[in-house]
Structure formats: C-alpha cells, structure tokens
$ cat entry35.cif   # mmCIF, N, CA and C atoms
data_final
#
loop_
_atom_site.label_atom_id
_atom_site.label_comp_id
_atom_site.auth_asym_id
_atom_site.auth_seq_id
_atom_site.Cartn_x
_atom_site.Cartn_y
_atom_site.Cartn_z
N MET A 1 -133.29 -166.04 -182.71
CA MET A 1 -134.34 -165.07 -182.44
C MET A 1 -134.14 -163.87 -183.37
N GLN A 2 -135.22 -163.43 -183.99
CA GLN A 2 -135.17 -162.26 -184.86
C GLN A 2 -135.50 -161.03 -184.02
N PHE A 3 -134.59 -160.07 -184.01
CA PHE A 3 -134.80 -158.86 -183.21
C PHE A 3 -135.34 -157.74 -184.09
N ARG A 4 -136.20 -156.92 -183.48
CA ARG A 4 -136.76 -155.75 -184.16
C ARG A 4 -135.93 -154.52 -183.79
N GLU A 5 -135.81 -153.60 -184.71
CA GLU A 5 -135.05 -152.38 -184.45
C GLU A 5 -135.83 -151.40 -183.59
N SER A 6 -137.13 -151.60 -183.48
CA SER A 6 -137.99 -150.64 -182.79
C SER A 6 -137.94 -150.74 -181.26
N GLN A 7 -137.25 -151.73 -180.73
CA GLN A 7 -137.21 -151.94 -179.28
C GLN A 7 -135.82 -152.44 -178.88
N ALA A 8 -135.36 -152.02 -177.71
CA ALA A 8 -134.05 -152.45 -177.22
C ALA A 8 -134.00 -153.97 -177.15
N ILE A 9 -132.85 -154.54 -177.50
CA ILE A 9 -132.69 -156.00 -177.52
C ILE A 9 -132.92 -156.60 -176.14
N TYR A 10 -132.43 -155.95 -175.09
CA TYR A 10 -132.61 -156.54 -173.75
C TYR A 10 -134.08 -156.63 -173.38
N LEU A 11 -134.91 -155.70 -173.87
CA LEU A 11 -136.35 -155.77 -173.59
C LEU A 11 -137.01 -156.86 -174.43
N GLN A 12 -136.52 -157.09 -175.62
CA GLN A 12 -137.04 -158.17 -176.45
C GLN A 12 -136.71 -159.52 -175.82
N ILE A 13 -135.52 -159.61 -175.22
CA ILE A 13 -135.15 -160.84 -174.51
C ILE A 13 -136.01 -161.00 -173.26
N ALA A 14 -136.33 -159.89 -172.60
CA ALA A 14 -137.23 -159.94 -171.43
C ALA A 14 -138.59 -160.47 -171.85
N ASP A 15 -139.08 -160.04 -173.00
CA ASP A 15 -140.35 -160.56 -173.52
C ASP A 15 -140.26 -162.06 -173.79
N TYR A 16 -139.14 -162.49 -174.33
CA TYR A 16 -138.90 -163.91 -174.60
C TYR A 16 -138.94 -164.73 -173.31
N VAL A 17 -138.27 -164.24 -172.27
CA VAL A 17 -138.26 -164.93 -170.98
C VAL A 17 -139.67 -164.97 -170.40
N CYS A 18 -140.38 -163.84 -170.46
CA CYS A 18 -141.75 -163.80 -169.95
C CYS A 18 -142.64 -164.78 -170.69
N GLU A 19 -142.46 -164.86 -171.99
CA GLU A 19 -143.27 -165.80 -172.77
C GLU A 19 -143.00 -167.24 -172.35
N LYS A 20 -141.75 -167.58 -172.12
CA LYS A 20 -141.41 -168.94 -171.64
C LYS A 20 -142.12 -169.23 -170.32
N ILE A 21 -142.17 -168.24 -169.46
CA ILE A 21 -142.83 -168.40 -168.15
C ILE A 21 -144.34 -168.49 -168.32
N LEU A 22 -144.91 -167.61 -169.13
CA LEU A 22 -146.37 -167.60 -169.31
C LEU A 22 -146.87 -168.85 -170.05
N LEU A 23 -146.04 -169.42 -170.90
CA LEU A 23 -146.41 -170.67 -171.58
C LEU A 23 -146.08 -171.89 -170.74
N LYS A 24 -145.59 -171.64 -169.53
CA LYS A 24 -145.26 -172.68 -168.54
C LYS A 24 -144.13 -173.61 -169.00
N GLU A 25 -143.29 -173.10 -169.89
CA GLU A 25 -142.10 -173.85 -170.29
C GLU A 25 -141.04 -173.73 -169.20
N TRP A 26 -141.02 -172.60 -168.51
CA TRP A 26 -140.17 -172.38 -167.35
C TRP A 26 -141.09 -172.15 -166.16
N LYS A 27 -141.02 -173.01 -165.17
CA LYS A 27 -141.95 -172.98 -164.04
C LYS A 27 -141.32 -172.32 -162.81
N ALA A 28 -142.19 -171.90 -161.90
CA ALA A 28 -141.76 -171.25 -160.66
C ALA A 28 -140.74 -172.10 -159.94
N GLU A 29 -139.72 -171.45 -159.44
CA GLU A 29 -138.63 -172.06 -158.67
C GLU A 29 -137.67 -172.89 -159.52
N GLU A 30 -137.90 -172.98 -160.84
CA GLU A 30 -136.98 -173.71 -161.71
C GLU A 30 -135.81 -172.82 -162.12
N ARG A 31 -134.66 -173.44 -162.27
CA ARG A 31 -133.48 -172.72 -162.74
C ARG A 31 -133.65 -172.45 -164.23
N ILE A 32 -133.27 -171.25 -164.65
CA ILE A 32 -133.34 -170.90 -166.06
C ILE A 32 -131.92 -170.91 -166.64
N PRO A 33 -131.79 -170.85 -167.96
CA PRO A 33 -130.44 -170.86 -168.54
C PRO A 33 -129.58 -169.73 -167.96
N SER A 34 -128.29 -169.99 -167.85
CA SER A 34 -127.36 -168.98 -167.35
C SER A 34 -127.25 -167.84 -168.36
N VAL A 35 -126.61 -166.76 -167.94
CA VAL A 35 -126.38 -165.62 -168.82
C VAL A 35 -125.67 -166.09 -170.09
N ARG A 36 -124.61 -166.85 -169.90
CA ARG A 36 -123.84 -167.31 -171.07
C ARG A 36 -124.63 -168.27 -171.94
N GLU A 37 -125.35 -169.20 -171.32
CA GLU A 37 -126.15 -170.16 -172.10
C GLU A 37 -127.18 -169.43 -172.96
N LEU A 38 -127.89 -168.48 -172.34
CA LEU A 38 -128.92 -167.76 -173.08
C LEU A 38 -128.30 -166.87 -174.16
N ALA A 39 -127.15 -166.27 -173.86
CA ALA A 39 -126.46 -165.43 -174.85
C ALA A 39 -126.08 -166.25 -176.09
N VAL A 40 -125.56 -167.46 -175.86
CA VAL A 40 -125.19 -168.34 -176.97
C VAL A 40 -126.44 -168.76 -177.74
N GLN A 41 -127.48 -169.14 -177.00
CA GLN A 41 -128.73 -169.61 -177.62
C GLN A 41 -129.35 -168.52 -178.50
N LEU A 42 -129.35 -167.26 -178.01
CA LEU A 42 -130.00 -166.16 -178.73
C LEU A 42 -129.03 -165.39 -179.63
N GLU A 43 -127.75 -165.78 -179.58
CA GLU A 43 -126.72 -165.14 -180.39
C GLU A 43 -126.60 -163.65 -180.10
N VAL A 44 -126.47 -163.33 -178.81
CA VAL A 44 -126.28 -161.95 -178.38
C VAL A 44 -125.11 -161.88 -177.40
N ASN A 45 -124.70 -160.68 -177.09
CA ASN A 45 -123.62 -160.46 -176.14
C ASN A 45 -124.09 -160.83 -174.73
N PRO A 46 -123.28 -161.51 -173.93
CA PRO A 46 -123.66 -161.83 -172.55
C PRO A 46 -124.04 -160.60 -171.72
N ASN A 47 -123.43 -159.46 -172.02
CA ASN A 47 -123.77 -158.22 -171.29
C ASN A 47 -125.23 -157.82 -171.52
N THR A 48 -125.73 -158.11 -172.72
CA THR A 48 -127.13 -157.80 -173.03
C THR A 48 -128.06 -158.69 -172.20
N VAL A 49 -127.72 -159.97 -172.10
CA VAL A 49 -128.53 -160.90 -171.30
C VAL A 49 -128.44 -160.50 -169.83
N MET A 50 -127.27 -160.10 -169.38
CA MET A 50 -127.12 -159.66 -167.99
C MET A 50 -128.02 -158.47 -167.70
N ARG A 51 -128.08 -157.54 -168.64
CA ARG A 51 -128.97 -156.37 -168.48
C ARG A 51 -130.43 -156.83 -168.40
N THR A 52 -130.79 -157.81 -169.23
CA THR A 52 -132.15 -158.37 -169.19
C THR A 52 -132.44 -158.98 -167.83
N PHE A 53 -131.50 -159.78 -167.32
CA PHE A 53 -131.71 -160.45 -166.03
C PHE A 53 -131.83 -159.43 -164.90
N GLU A 54 -131.04 -158.37 -164.94
CA GLU A 54 -131.16 -157.32 -163.92
C GLU A 54 -132.53 -156.66 -163.99
N PHE A 55 -132.98 -156.39 -165.20
CA PHE A 55 -134.31 -155.80 -165.39
C PHE A 55 -135.40 -156.72 -164.86
N LEU A 56 -135.32 -158.02 -165.19
CA LEU A 56 -136.34 -158.97 -164.76
C LEU A 56 -136.32 -159.19 -163.24
N GLN A 57 -135.16 -159.04 -162.62
CA GLN A 57 -135.09 -159.11 -161.16
C GLN A 57 -135.82 -157.91 -160.55
N GLN A 58 -135.67 -156.74 -161.14
CA GLN A 58 -136.39 -155.55 -160.66
C GLN A 58 -137.90 -155.73 -160.79
N GLN A 59 -138.31 -156.47 -161.81
CA GLN A 59 -139.73 -156.73 -162.03
C GLN A 59 -140.24 -157.90 -161.19
N GLU A 60 -139.35 -158.53 -160.42
CA GLU A 60 -139.65 -159.68 -159.57
C GLU A 60 -140.15 -160.89 -160.37
N ILE A 61 -139.60 -161.06 -161.57
CA ILE A 61 -139.95 -162.18 -162.43
C ILE A 61 -138.94 -163.31 -162.25
N ILE A 62 -137.69 -162.96 -162.03
CA ILE A 62 -136.65 -163.95 -161.73
C ILE A 62 -135.87 -163.49 -160.51
N TYR A 63 -135.11 -164.40 -159.93
CA TYR A 63 -134.22 -164.03 -158.83
C TYR A 63 -132.92 -164.82 -158.96
N ASN A 64 -131.89 -164.31 -158.30
CA ASN A 64 -130.56 -164.91 -158.38
C ASN A 64 -130.22 -165.59 -157.07
N GLN A 65 -129.78 -166.84 -157.16
CA GLN A 65 -129.21 -167.52 -156.00
C GLN A 65 -127.71 -167.52 -156.25
N ARG A 66 -127.03 -166.71 -155.48
CA ARG A 66 -125.60 -166.50 -155.67
C ARG A 66 -124.84 -167.83 -155.78
N GLY A 67 -124.07 -167.95 -156.86
CA GLY A 67 -123.26 -169.14 -157.06
C GLY A 67 -124.00 -170.31 -157.67
N ILE A 68 -125.31 -170.21 -157.77
CA ILE A 68 -126.11 -171.32 -158.31
C ILE A 68 -126.72 -170.94 -159.66
N GLY A 69 -127.30 -169.76 -159.73
CA GLY A 69 -127.90 -169.31 -160.99
C GLY A 69 -129.17 -168.53 -160.77
N TYR A 70 -129.87 -168.32 -161.86
CA TYR A 70 -131.12 -167.57 -161.86
C TYR A 70 -132.31 -168.53 -161.88
N PHE A 71 -133.36 -168.13 -161.18
CA PHE A 71 -134.54 -168.96 -161.03
C PHE A 71 -135.80 -168.14 -161.29
N VAL A 72 -136.86 -168.84 -161.69
CA VAL A 72 -138.17 -168.20 -161.88
C VAL A 72 -138.75 -167.92 -160.49
N SER A 73 -139.15 -166.69 -160.26
CA SER A 73 -139.73 -166.30 -158.97
C SER A 73 -141.06 -166.99 -158.73
N PRO A 74 -141.43 -167.20 -157.46
CA PRO A 74 -142.71 -167.85 -157.17
C PRO A 74 -143.91 -167.10 -157.77
N GLY A 75 -143.86 -165.79 -157.77
CA GLY A 75 -144.96 -164.99 -158.33
C GLY A 75 -144.69 -164.50 -159.74
N ALA A 76 -143.84 -165.22 -160.46
CA ALA A 76 -143.39 -164.77 -161.78
C ALA A 76 -144.54 -164.63 -162.79
N VAL A 77 -145.48 -165.55 -162.78
CA VAL A 77 -146.57 -165.49 -163.76
C VAL A 77 -147.35 -164.19 -163.58
N LYS A 78 -147.71 -163.89 -162.35
CA LYS A 78 -148.46 -162.66 -162.07
C LYS A 78 -147.64 -161.42 -162.46
N SER A 79 -146.37 -161.41 -162.09
CA SER A 79 -145.50 -160.27 -162.42
C SER A 79 -145.30 -160.14 -163.92
N ALA A 80 -145.12 -161.27 -164.60
CA ALA A 80 -144.92 -161.24 -166.05
C ALA A 80 -146.17 -160.76 -166.77
N ILE A 81 -147.32 -161.20 -166.31
CA ILE A 81 -148.58 -160.74 -166.91
C ILE A 81 -148.71 -159.23 -166.73
N GLN A 82 -148.44 -158.75 -165.53
CA GLN A 82 -148.55 -157.31 -165.27
C GLN A 82 -147.59 -156.52 -166.14
N TYR A 83 -146.35 -156.98 -166.23
CA TYR A 83 -145.35 -156.30 -167.07
C TYR A 83 -145.78 -156.28 -168.53
N ARG A 84 -146.19 -157.44 -169.05
CA ARG A 84 -146.58 -157.53 -170.46
C ARG A 84 -147.86 -156.74 -170.75
N LYS A 85 -148.81 -156.73 -169.81
CA LYS A 85 -150.02 -155.92 -170.00
C LYS A 85 -149.68 -154.45 -170.11
N ASN A 86 -148.81 -153.99 -169.22
CA ASN A 86 -148.40 -152.58 -169.26
C ASN A 86 -147.73 -152.24 -170.58
N GLU A 87 -146.83 -153.10 -171.02
CA GLU A 87 -146.13 -152.89 -172.29
C GLU A 87 -147.14 -152.85 -173.45
N PHE A 88 -148.07 -153.80 -173.46
CA PHE A 88 -149.05 -153.88 -174.53
C PHE A 88 -149.95 -152.64 -174.57
N THR A 89 -150.47 -152.26 -173.40
CA THR A 89 -151.41 -151.13 -173.39
C THR A 89 -150.73 -149.79 -173.68
N GLU A 90 -149.46 -149.66 -173.31
CA GLU A 90 -148.76 -148.40 -173.55
C GLU A 90 -148.14 -148.31 -174.94
N LYS A 91 -147.71 -149.44 -175.51
CA LYS A 91 -146.96 -149.38 -176.76
C LYS A 91 -147.72 -149.93 -177.96
N ASP A 92 -148.41 -151.05 -177.81
CA ASP A 92 -149.05 -151.69 -178.96
C ASP A 92 -150.49 -151.23 -179.18
N LEU A 93 -151.23 -151.12 -178.11
CA LEU A 93 -152.66 -150.82 -178.22
C LEU A 93 -152.96 -149.47 -178.90
N PRO A 94 -152.20 -148.41 -178.63
CA PRO A 94 -152.50 -147.15 -179.32
C PRO A 94 -152.46 -147.30 -180.85
N GLN A 95 -151.52 -148.09 -181.37
CA GLN A 95 -151.45 -148.29 -182.82
C GLN A 95 -152.63 -149.13 -183.32
N VAL A 96 -153.02 -150.13 -182.53
CA VAL A 96 -154.19 -150.94 -182.89
C VAL A 96 -155.43 -150.04 -182.94
N PHE A 97 -155.61 -149.21 -181.92
CA PHE A 97 -156.77 -148.30 -181.89
C PHE A 97 -156.74 -147.32 -183.07
N ARG A 98 -155.57 -146.83 -183.40
CA ARG A 98 -155.44 -145.90 -184.53
C ARG A 98 -155.88 -146.60 -185.82
N ASN A 99 -155.39 -147.82 -186.03
CA ASN A 99 -155.77 -148.57 -187.23
C ASN A 99 -157.27 -148.86 -187.25
N MET A 100 -157.81 -149.22 -186.10
CA MET A 100 -159.25 -149.48 -186.03
C MET A 100 -160.05 -148.23 -186.41
N TYR A 101 -159.61 -147.10 -185.91
CA TYR A 101 -160.29 -145.83 -186.22
C TYR A 101 -160.20 -145.54 -187.72
N LEU A 102 -159.00 -145.68 -188.28
CA LEU A 102 -158.80 -145.38 -189.70
C LEU A 102 -159.60 -146.33 -190.60
N LEU A 103 -159.78 -147.56 -190.13
CA LEU A 103 -160.51 -148.56 -190.92
C LEU A 103 -161.99 -148.62 -190.55
N ASP A 104 -162.41 -147.74 -189.68
CA ASP A 104 -163.81 -147.68 -189.23
C ASP A 104 -164.26 -149.03 -188.69
N MET A 105 -163.42 -149.60 -187.83
CA MET A 105 -163.72 -150.90 -187.22
C MET A 105 -164.22 -150.70 -185.80
N ASP A 106 -165.01 -151.65 -185.36
CA ASP A 106 -165.55 -151.64 -184.00
C ASP A 106 -164.94 -152.81 -183.23
N ILE A 107 -164.85 -152.68 -181.94
CA ILE A 107 -164.29 -153.75 -181.09
C ILE A 107 -165.08 -155.05 -181.29
N GLU A 108 -166.36 -154.94 -181.49
CA GLU A 108 -167.21 -156.14 -181.67
C GLU A 108 -166.77 -156.96 -182.88
N GLU A 109 -166.19 -156.31 -183.89
CA GLU A 109 -165.71 -157.03 -185.07
C GLU A 109 -164.52 -157.93 -184.75
N LEU A 110 -163.78 -157.57 -183.71
CA LEU A 110 -162.57 -158.31 -183.37
C LEU A 110 -162.83 -159.54 -182.50
N LYS A 111 -163.91 -159.53 -181.76
CA LYS A 111 -164.17 -160.64 -180.83
C LYS A 111 -164.19 -162.01 -181.51
N PRO A 112 -164.94 -162.20 -182.61
CA PRO A 112 -164.93 -163.53 -183.24
C PRO A 112 -163.54 -163.93 -183.74
N ARG A 113 -162.80 -162.97 -184.24
CA ARG A 113 -161.44 -163.26 -184.74
C ARG A 113 -160.52 -163.66 -183.59
N PHE A 114 -160.68 -162.99 -182.46
CA PHE A 114 -159.86 -163.32 -181.29
C PHE A 114 -160.19 -164.73 -180.79
N GLU A 115 -161.46 -165.07 -180.73
CA GLU A 115 -161.87 -166.41 -180.29
C GLU A 115 -161.32 -167.48 -181.24
N LYS A 116 -161.38 -167.22 -182.53
CA LYS A 116 -160.85 -168.17 -183.52
C LYS A 116 -159.34 -168.32 -183.34
N PHE A 117 -158.64 -167.23 -183.11
CA PHE A 117 -157.19 -167.26 -182.89
C PHE A 117 -156.85 -168.11 -181.67
N LYS A 118 -157.58 -167.91 -180.57
CA LYS A 118 -157.33 -168.69 -179.35
C LYS A 118 -157.50 -170.17 -179.60
N LYS A 119 -158.57 -170.55 -180.29
CA LYS A 119 -158.84 -171.96 -180.57
C LYS A 119 -157.74 -172.57 -181.43
N GLN A 120 -157.29 -171.84 -182.43
CA GLN A 120 -156.27 -172.36 -183.35
C GLN A 120 -154.91 -172.51 -182.68
N HIS A 121 -154.59 -171.63 -181.77
CA HIS A 121 -153.22 -171.59 -181.23
C HIS A 121 -153.06 -172.12 -179.81
N PHE A 122 -154.12 -172.15 -179.03
CA PHE A 122 -153.95 -172.48 -177.62
C PHE A 122 -154.87 -173.57 -177.10
N GLU A 123 -155.69 -174.12 -177.92
CA GLU A 123 -156.59 -175.18 -177.43
C GLU A 123 -156.30 -176.48 -178.12
#

$ encode --input "entry35.cif" --output "structure tokens"
Amino acid sequence: MQFRESQAIYLQIADYVCEKILLKEWKAEERIPSVRELAVQLEVNPNTVMRTFEFLQQQEIIYNQRGIGYFVSPGAVKSAIQYRKNEFTEKDLPQVFRNMYLLDMDIEELKPRFEKFKKQHFE
C-alpha cells in the first residue's frame, strides 16, 4: 500500500478497511485479518494497525471478540459510508469546489463524467 504524507497512516488504513467492507470483500460478521496479519500485509508497525482497529471500533465498523479476533460489525456498511462521506465532504470536496471555481466549471459538467466512471469501474 502506498501511503500519502498528507494523512495519518492509521486513517489511511481505516480507509482501506472501509473500502474492503464497501466493496463487499469483507462481509458483516466475518473475521478480518488480525493486527499482525494486516501489519505484515501492509508493511506497517502492528501498533499502527492496533490504533486503526481501535478507531474503527469507535466508529462501530468492526468489533473485537476477545481471544478470537476482529469482525465486521453488522451495521458496518452504513457506518463506513457515513464515516467516508464525512471525510470526503470535510477534506476532499472543498478542494474539488475550489478547482471547479478556478476552472469556471459547473456541477452539470461533471455528471456525464461521473456516469462514465461508474460504468467503467463498477458495472
């Protein structure tokens, strides 16, 4: 995984976990990789993954079954969508709007491009 300097690594890992859930690669009530497994897979310190898992538990996206491991929460998709929407609208969207303003673009110009993107990547 390539990490960006503009965001804490544990939050980037949280985005990675949310993406796995939203793409239905990790389903509700399924066990997810352990702290150590994910740390090895992503080539990060296990403490960083532990911080991610604690954060995701607070967001009710995953939960811990003591002695067994971490699991995807039953309402994880809804929680992950809410978390990612908040992140997008607070951090990414202001820059998109700024660029649109500077380029004299209208939202209507983006709709066809968004539809084309969805068809190419998700259908």

$ resolve_selection --input "entry35.cif" --expression "the PyMOL selection byres (((chain A and resi 1 and name CA) around 12) and name CA)" --output "ChimeraX atom specification"
/A:2-4,9,12-13,15-16,38-44

$ select_by_dssp --input "entry35.cif" --residues "stretch 21-105 of chain A" --states "strand (DSSP E)" --output "PyMOL selection string"
chain A and resi 62-65+69-72

$ closest_residue --input "entry35.cif" --among "A:Val77, A:Met105, A:Met100, A:Leu93" --to "A:Leu22" --atoms "only N, CA and C atoms"
A:Val77

$ resolve_selection --input "entry35.cif" --expression "the PyMOL selection byres (((chain A and resi 78 and name CA) around 12) and name CA)" --output "mmCIF file with N, CA and C atoms, in the frame of the given file"
data_model
loop_
_atom_site.group_PDB
_atom_site.id
_atom_site.type_symbol
_atom_site.label_atom_id
_atom_site.label_comp_id
_atom_site.auth_asym_id
_atom_site.auth_seq_id
_atom_site.Cartn_x
_atom_site.Cartn_y
_atom_site.Cartn_z
ATOM 1 N N CYS A 18 -140.380 -163.840 -170.460
ATOM 2 C CA CYS A 18 -141.750 -163.800 -169.950
ATOM 3 C C CYS A 18 -142.640 -164.780 -170.690
ATOM 4 N N ILE A 21 -142.170 -168.240 -169.460
ATOM 5 C CA ILE A 21 -142.830 -168.400 -168.150
ATOM 6 C C ILE A 21 -144.340 -168.490 -168.320
ATOM 7 N N LEU A 22 -144.910 -167.610 -169.130
ATOM 8 C CA LEU A 22 -146.370 -167.600 -169.310
ATOM 9 C C LEU A 22 -146.870 -168.850 -170.050
ATOM 10 N N ALA A 28 -142.190 -171.900 -161.900
ATOM 11 C CA ALA A 28 -141.760 -171.250 -160.660
ATOM 12 C C ALA A 28 -140.740 -172.100 -159.940
ATOM 13 N N GLN A 59 -138.310 -156.470 -161.810
ATOM 14 C CA GLN A 59 -139.730 -156.730 -162.030
ATOM 15 C C GLN A 59 -140.240 -157.900 -161.190
ATOM 16 N N GLU A 60 -139.350 -158.530 -160.420
ATOM 17 C CA GLU A 60 -139.650 -159.680 -159.570
ATOM 18 C C GLU A 60 -140.150 -160.890 -160.370
ATOM 19 N N ILE A 61 -139.600 -161.060 -161.570
ATOM 20 C CA ILE A 61 -139.950 -162.180 -162.430
ATOM 21 C C ILE A 61 -138.940 -163.310 -162.250
ATOM 22 N N ILE A 62 -137.690 -162.960 -162.030
ATOM 23 C CA ILE A 62 -136.650 -163.950 -161.730
ATOM 24 C C ILE A 62 -135.870 -163.490 -160.510
ATOM 25 N N VAL A 72 -136.860 -168.840 -161.690
ATOM 26 C CA VAL A 72 -138.170 -168.200 -161.880
ATOM 27 C C VAL A 72 -138.750 -167.920 -160.490
ATOM 28 N N SER A 73 -139.150 -166.690 -160.260
ATOM 29 C CA SER A 73 -139.730 -166.300 -158.970
ATOM 30 C C SER A 73 -141.060 -166.990 -158.730
ATOM 31 N N PRO A 74 -141.430 -167.200 -157.460
ATOM 32 C CA PRO A 74 -142.710 -167.850 -157.170
ATOM 33 C C PRO A 74 -143.910 -167.100 -157.770
ATOM 34 N N GLY A 75 -143.860 -165.790 -157.770
ATOM 35 C CA GLY A 75 -144.960 -164.990 -158.330
ATOM 36 C C GLY A 75 -144.690 -164.500 -159.740
ATOM 37 N N ALA A 76 -143.840 -165.220 -160.460
ATOM 38 C CA ALA A 76 -143.390 -164.770 -161.780
ATOM 39 C C ALA A 76 -144.540 -164.630 -162.790
ATOM 40 N N VAL A 77 -145.480 -165.550 -162.780
ATOM 41 C CA VAL A 77 -146.570 -165.490 -163.760
ATOM 42 C C VAL A 77 -147.350 -164.190 -163.580
ATOM 43 N N SER A 79 -146.370 -161.410 -162.090
ATOM 44 C CA SER A 79 -145.500 -160.270 -162.420
ATOM 45 C C SER A 79 -145.300 -160.140 -163.920
ATOM 46 N N ALA A 80 -145.120 -161.270 -164.600
ATOM 47 C CA ALA A 80 -144.920 -161.240 -166.050
ATOM 48 C C ALA A 80 -146.170 -160.760 -166.770
ATOM 49 N N ILE A 81 -147.320 -161.200 -166.310
ATOM 50 C CA ILE A 81 -148.580 -160.740 -166.910
ATOM 51 C C ILE A 81 -148.710 -159.230 -166.730
ATOM 52 N N GLN A 82 -148.440 -158.750 -165.530
ATOM 53 C CA GLN A 82 -148.550 -157.310 -165.270
ATOM 54 C C GLN A 82 -147.590 -156.520 -166.140
ATOM 55 N N TYR A 83 -146.350 -156.980 -166.230
ATOM 56 C CA TYR A 83 -145.350 -156.300 -167.070
ATOM 57 C C TYR A 83 -145.780 -156.280 -168.530
ATOM 58 N N ARG A 84 -146.190 -157.440 -169.050
ATOM 59 C CA ARG A 84 -146.580 -157.530 -170.460
ATOM 60 C C ARG A 84 -147.860 -156.740 -170.750
ATOM 61 N N LYS A 85 -148.810 -156.730 -169.810
ATOM 62 C CA LYS A 85 -150.020 -155.920 -170.000
ATOM 63 C C LYS A 85 -149.680 -154.450 -170.110
#

$ resolve_selection --input "entry35.cif" --expression "the PyMOL selection byres ((chain A and resi 70) around 6.5)" --output "JSON, numbers by chain"
{"A": [30, 31, 32, 33, 34, 62, 63, 64, 65, 68, 69, 71, 72]}

$ atom_distance --input "entry35.cif" --atom1 "atom CA of A:Thr52" --atom2 "atom CA of A:Glu19"
13.8 Å

$ atom_distance --input "entry35.cif" --atom1 "atom C of A:Phe122" --atom2 "atom CA of A:Val96"
23.4 Å

$ atom_distance --input "entry35.cif" --atom1 "atom CA of A:Asn47" --atom2 "atom CA of A:Leu11"
13.0 Å

$ residues_around --input "entry35.cif" --residues "A:Tyr10" --least-positions-apart "6" --cutoff "6.5 Å" --atoms "only N, CA and C atoms" --output "JSON, numbers by chain"
{"A": [48, 49, 51, 52]}

$ select_by_dssp --input "entry35.cif" --residues "chain A" --states "helix (DSSP H, G or I)" --output "ChimeraX atom specification"
/A:9-22,35-42,46-58,76-102,107-122

$ decode --input "entry35.cif" --residues "stretch 93-121 of chain A" --atoms "C-alpha atoms" --output "compact mmCIF listing (two decimals), in the first residue's frame"
# COMPACT_ATOMS: atom_id res chain seq x y z
CA LEU A 93 -14.78 18.32 -1.51
CA PRO A 94 -13.55 21.82 -0.58
CA GLN A 95 -10.53 21.33 -2.88
CA VAL A 96 -12.76 19.97 -5.67
CA PHE A 97 -15.05 23.01 -5.33
CA ARG A 98 -12.05 25.36 -5.33
CA ASN A 99 -10.74 23.79 -8.55
CA MET A 100 -14.18 23.93 -10.13
CA TYR A 101 -14.44 27.62 -9.28
CA LEU A 102 -10.95 28.38 -10.63
CA LEU A 103 -11.70 26.47 -13.83
CA ASP A 104 -15.16 28.02 -14.19
CA MET A 105 -16.78 24.59 -14.16
CA ASP A 106 -20.36 23.75 -13.31
CA ILE A 107 -21.63 20.66 -11.50
CA GLU A 108 -23.60 19.73 -14.62
CA GLU A 109 -20.30 19.27 -16.49
CA LEU A 110 -19.29 16.54 -14.06
CA LYS A 111 -22.41 14.39 -14.24
CA PRO A 112 -21.63 12.70 -17.60
CA ARG A 113 -18.04 12.06 -16.49
CA PHE A 114 -19.23 10.54 -13.22
CA GLU A 115 -21.67 8.24 -15.04
CA LYS A 116 -18.93 7.13 -17.44
CA PHE A 117 -16.59 6.45 -14.49
CA LYS A 118 -19.23 4.31 -12.74
CA LYS A 119 -19.84 2.25 -15.89
CA GLN A 120 -16.13 1.67 -16.49
CA HIS A 121 -15.26 0.71 -12.93
